[in-house]
Amino acid sequence: MRRFGALLVLALALPALSGCGLKPLYAEGSSGTVARGLADVDVPPIEGQAGWLVRNALRDQMGASEGASGKRYRLDVRLDDQLEGLGLLTDDTIGRERRTLRARYQLVDTQTGAILLDATDGSDAGIDVVSSEYATIAAEQTALENLAKDVADRIVTRLALTLRKQS
(Lines give C-alpha, C1' and ligand atoms only; values in the text may rest on other atoms or scores of the structure.)
Protein backbone atom coordinates (compact mmCIF):
# COMPACT_ATOMS: atom_id res chain seq x y z
CA MET A 1 0.00 0.00 0.00
CA ARG A 2 2.89 2.34 0.75
CA ARG A 3 4.33 1.79 -2.72
CA PHE A 4 0.98 2.60 -4.31
CA GLY A 5 0.82 5.88 -2.37
CA ALA A 6 4.32 6.87 -3.47
CA LEU A 7 3.53 6.09 -7.10
CA LEU A 8 0.33 8.11 -6.87
CA VAL A 9 2.20 11.15 -5.48
CA LEU A 10 4.83 10.83 -8.21
CA ALA A 11 2.17 10.54 -10.92
CA LEU A 12 0.46 13.67 -9.65
CA ALA A 13 3.74 15.61 -9.41
CA LEU A 14 4.97 14.89 -12.96
CA PRO A 15 2.56 17.27 -14.74
CA ALA A 16 3.52 20.06 -12.32
CA LEU A 17 7.22 19.54 -13.02
CA SER A 18 6.76 19.62 -16.77
CA GLY A 19 5.05 22.99 -16.52
CA CYS A 20 7.70 24.66 -14.36
CA GLY A 21 9.21 26.51 -17.32
CA LEU A 22 12.75 25.19 -17.01
CA LYS A 23 14.45 24.94 -20.35
CA PRO A 24 17.99 23.68 -21.03
CA LEU A 25 20.33 26.55 -21.87
CA TYR A 26 22.17 24.64 -24.58
CA ALA A 27 19.14 22.84 -26.00
CA GLU A 28 19.78 21.39 -29.46
CA GLY A 29 23.56 21.27 -28.86
CA SER A 30 25.83 23.17 -31.24
CA SER A 31 22.96 23.89 -33.64
CA GLY A 32 20.88 25.62 -30.94
CA THR A 33 20.25 29.36 -30.83
CA VAL A 34 22.48 29.96 -27.80
CA ALA A 35 25.46 28.03 -29.22
CA ARG A 36 25.13 29.78 -32.58
CA GLY A 37 24.82 33.15 -30.83
CA LEU A 38 27.97 32.52 -28.78
CA ALA A 39 29.87 31.50 -31.92
CA ASP A 40 28.77 34.81 -33.47
CA VAL A 41 30.49 36.92 -30.77
CA ASP A 42 33.76 38.66 -31.64
CA VAL A 43 36.18 39.13 -28.75
CA PRO A 44 38.71 41.86 -29.61
CA PRO A 45 42.18 41.64 -27.99
CA ILE A 46 42.21 42.46 -24.28
CA GLU A 47 45.18 44.30 -22.79
CA GLY A 48 47.84 42.47 -20.76
CA GLN A 49 48.69 38.88 -19.92
CA ALA A 50 45.43 38.42 -18.01
CA GLY A 51 43.61 39.75 -21.07
CA TRP A 52 45.32 37.23 -23.32
CA LEU A 53 44.34 34.40 -20.98
CA VAL A 54 40.73 35.56 -20.61
CA ARG A 55 40.31 36.12 -24.36
CA ASN A 56 41.61 32.65 -25.20
CA ALA A 57 39.35 31.06 -22.56
CA LEU A 58 36.35 32.99 -23.90
CA ARG A 59 37.03 32.02 -27.49
CA ASP A 60 37.53 28.36 -26.53
CA GLN A 61 34.25 28.21 -24.61
CA MET A 62 32.20 30.06 -27.20
CA GLY A 63 33.53 28.15 -30.18
CA ALA A 64 34.50 31.39 -31.86
CA SER A 65 36.46 31.33 -35.09
CA GLU A 66 39.32 33.71 -35.88
CA GLY A 67 37.60 35.96 -38.42
CA ALA A 68 35.99 39.03 -36.85
CA SER A 69 34.25 40.19 -40.01
CA GLY A 70 30.56 39.51 -40.20
CA LYS A 71 30.10 38.78 -36.49
CA ARG A 72 26.74 39.86 -35.11
CA TYR A 73 28.02 40.74 -31.62
CA ARG A 74 31.15 42.21 -30.07
CA LEU A 75 32.27 41.62 -26.50
CA ASP A 76 34.28 44.51 -25.08
CA VAL A 77 36.19 43.50 -21.93
CA ARG A 78 38.30 45.56 -19.53
CA LEU A 79 40.19 43.76 -16.78
CA ASP A 80 41.52 44.82 -13.41
CA ASP A 81 44.20 42.44 -12.08
CA GLN A 82 45.32 43.15 -8.52
CA LEU A 83 47.87 41.37 -6.34
CA GLU A 84 47.98 42.47 -2.73
CA GLY A 85 49.98 41.29 0.23
CA LEU A 86 48.20 40.09 3.33
CA GLY A 87 49.27 38.57 6.61
CA LEU A 88 52.49 40.09 7.89
CA LEU A 89 54.80 37.68 9.65
CA THR A 90 56.87 38.54 12.74
CA ASP A 91 59.84 39.51 10.56
CA ASP A 92 57.65 42.02 8.61
CA THR A 93 57.49 39.85 5.49
CA ILE A 94 54.28 39.03 3.67
CA GLY A 95 53.01 35.53 4.36
CA ARG A 96 49.95 35.52 2.12
CA GLU A 97 48.79 37.27 -1.04
CA ARG A 98 45.43 37.70 -2.69
CA ARG A 99 45.09 37.92 -6.44
CA THR A 100 41.88 39.47 -7.70
CA LEU A 101 40.73 39.54 -11.32
CA ARG A 102 37.69 41.67 -12.17
CA ALA A 103 36.14 42.07 -15.61
CA ARG A 104 33.84 44.83 -16.83
CA TYR A 105 32.27 43.80 -20.11
CA GLN A 106 29.66 44.86 -22.63
CA LEU A 107 27.94 42.81 -25.31
CA VAL A 108 27.29 45.08 -28.28
CA ASP A 109 25.02 44.29 -31.23
CA THR A 110 27.21 45.35 -34.17
CA GLN A 111 24.20 45.83 -36.47
CA THR A 112 22.37 48.32 -34.26
CA GLY A 113 25.09 49.47 -31.87
CA ALA A 114 22.85 48.62 -28.93
CA ILE A 115 24.45 47.42 -25.70
CA LEU A 116 22.68 44.17 -24.85
CA LEU A 117 24.61 43.44 -21.66
CA ASP A 118 26.69 45.63 -19.38
CA ALA A 119 28.04 43.65 -16.43
CA THR A 120 30.91 43.01 -14.06
CA ASP A 121 32.24 39.69 -12.83
CA GLY A 122 35.31 38.66 -10.93
CA SER A 123 37.08 36.11 -8.84
CA ASP A 124 39.95 35.97 -6.37
CA ALA A 125 42.47 33.48 -5.05
CA GLY A 126 44.71 33.23 -2.02
CA ILE A 127 48.42 32.50 -2.45
CA ASP A 128 50.88 31.35 0.21
CA VAL A 129 54.17 33.21 0.05
CA VAL A 130 56.99 30.77 0.70
CA SER A 131 60.74 31.20 1.05
CA SER A 132 61.34 30.19 -2.58
CA GLU A 133 60.75 33.19 -4.81
CA TYR A 134 60.36 30.89 -7.82
CA ALA A 135 57.59 28.91 -6.09
CA THR A 136 55.75 32.11 -5.15
CA ILE A 137 55.94 33.44 -8.72
CA ALA A 138 54.72 30.08 -10.06
CA ALA A 139 51.81 30.14 -7.60
CA GLU A 140 50.91 33.69 -8.66
CA GLN A 141 50.96 32.65 -12.33
CA THR A 142 48.84 29.55 -11.68
CA ALA A 143 46.36 31.67 -9.74
CA LEU A 144 46.09 34.08 -12.68
CA GLU A 145 45.48 31.23 -15.13
CA ASN A 146 42.76 29.75 -12.90
CA LEU A 147 41.14 33.13 -12.32
CA ALA A 148 41.10 33.84 -16.07
CA LYS A 149 39.23 30.56 -16.70
CA ASP A 150 36.79 31.26 -13.87
CA VAL A 151 36.04 34.79 -15.05
CA ALA A 152 35.60 33.55 -18.63
CA ASP A 153 33.15 30.88 -17.38
CA ARG A 154 31.11 33.54 -15.61
CA ILE A 155 31.09 35.81 -18.66
CA VAL A 156 30.02 33.03 -21.04
CA THR A 157 27.18 32.04 -18.72
CA ARG A 158 25.89 35.63 -18.60
CA LEU A 159 26.25 35.92 -22.38
CA ALA A 160 24.34 32.69 -22.94
CA LEU A 161 21.49 33.89 -20.72
CA THR A 162 21.38 37.22 -22.55
CA LEU A 163 21.46 35.61 -26.00
CA ARG A 164 18.70 33.19 -25.02
CA LYS A 165 16.48 36.17 -24.16
CA GLN A 166 17.28 37.74 -27.56
CA SER A 167 15.99 34.74 -29.49
# chains A, B, ... in the order shown; residues from 1 in each chain; ligands from 1
call {"tool": "residues_around", "arguments": {"residues": "region 55-60 of chain A", "least_positions_apart": "5", "cutoff": "10 Å", "atoms": "only C-alpha atoms", "output": "count of residues only"}}
result
25
call {"tool": "residues_around", "arguments": {"residues": "Val34 (chain A)", "least_positions_apart": "4", "cutoff": "7 Å", "atoms": "only C-alpha atoms", "output": "count of residues only"}}
result
5
call {"tool": "closest_residue", "arguments": {"among": "A:Leu159, A:Leu144, A:Leu86, A:Ala35", "to": "Ser123 (chain A)", "atoms": "only C-alpha atoms"}}
result
A:Leu144
call {"tool": "residues_around", "arguments": {"residues": "Asp81 (chain A)", "least_positions_apart": "6", "cutoff": "9 Å", "atoms": "only C-alpha atoms", "output": "list of chain:residue names"}}
result
A:Ala50, A:Arg99, A:Thr100, A:Leu101, A:Arg102, A:Ala103, A:Leu144
call {"tool": "select_by_dssp", "arguments": {"residues": "region 13-165 of chain A", "states": "strand (DSSP E or B)", "output": "ChimeraX atom specification"}}
result
/A:41-42,73-88,94-109,115-128
call {"tool": "atom_distance", "arguments": {"atom1": "CA of Asp80 (chain A)", "atom2": "CA of Asp124 (chain A)"}}
result
11.4 Å
call {"tool": "atom_distance", "arguments": {"atom1": "CA of Arg158 (chain A)", "atom2": "CA of Leu116 (chain A)"}}
result
11.1 Å
call {"tool": "closest_residue", "arguments": {"among": "A:Thr110, A:Gly48, A:Arg36, A:Ala138", "to": "Gly70 (chain A)", "atoms": "only C-alpha atoms"}}
result
A:Thr110
call {"tool": "residues_around", "arguments": {"residues": "Glu84 (chain A)", "least_positions_apart": "2", "cutoff": "12 Å", "atoms": "only C-alpha atoms", "output": "number ranges by chain"}}
result
A: 81-82, 86-88, 94-101, 124-129, 140
call {"tool": "closest_residue", "arguments": {"among": "A:Tyr73, A:Gln166, A:Leu89, A:Ile137", "to": "Gln111 (chain A)", "atoms": "only C-alpha atoms"}}
result
A:Tyr73
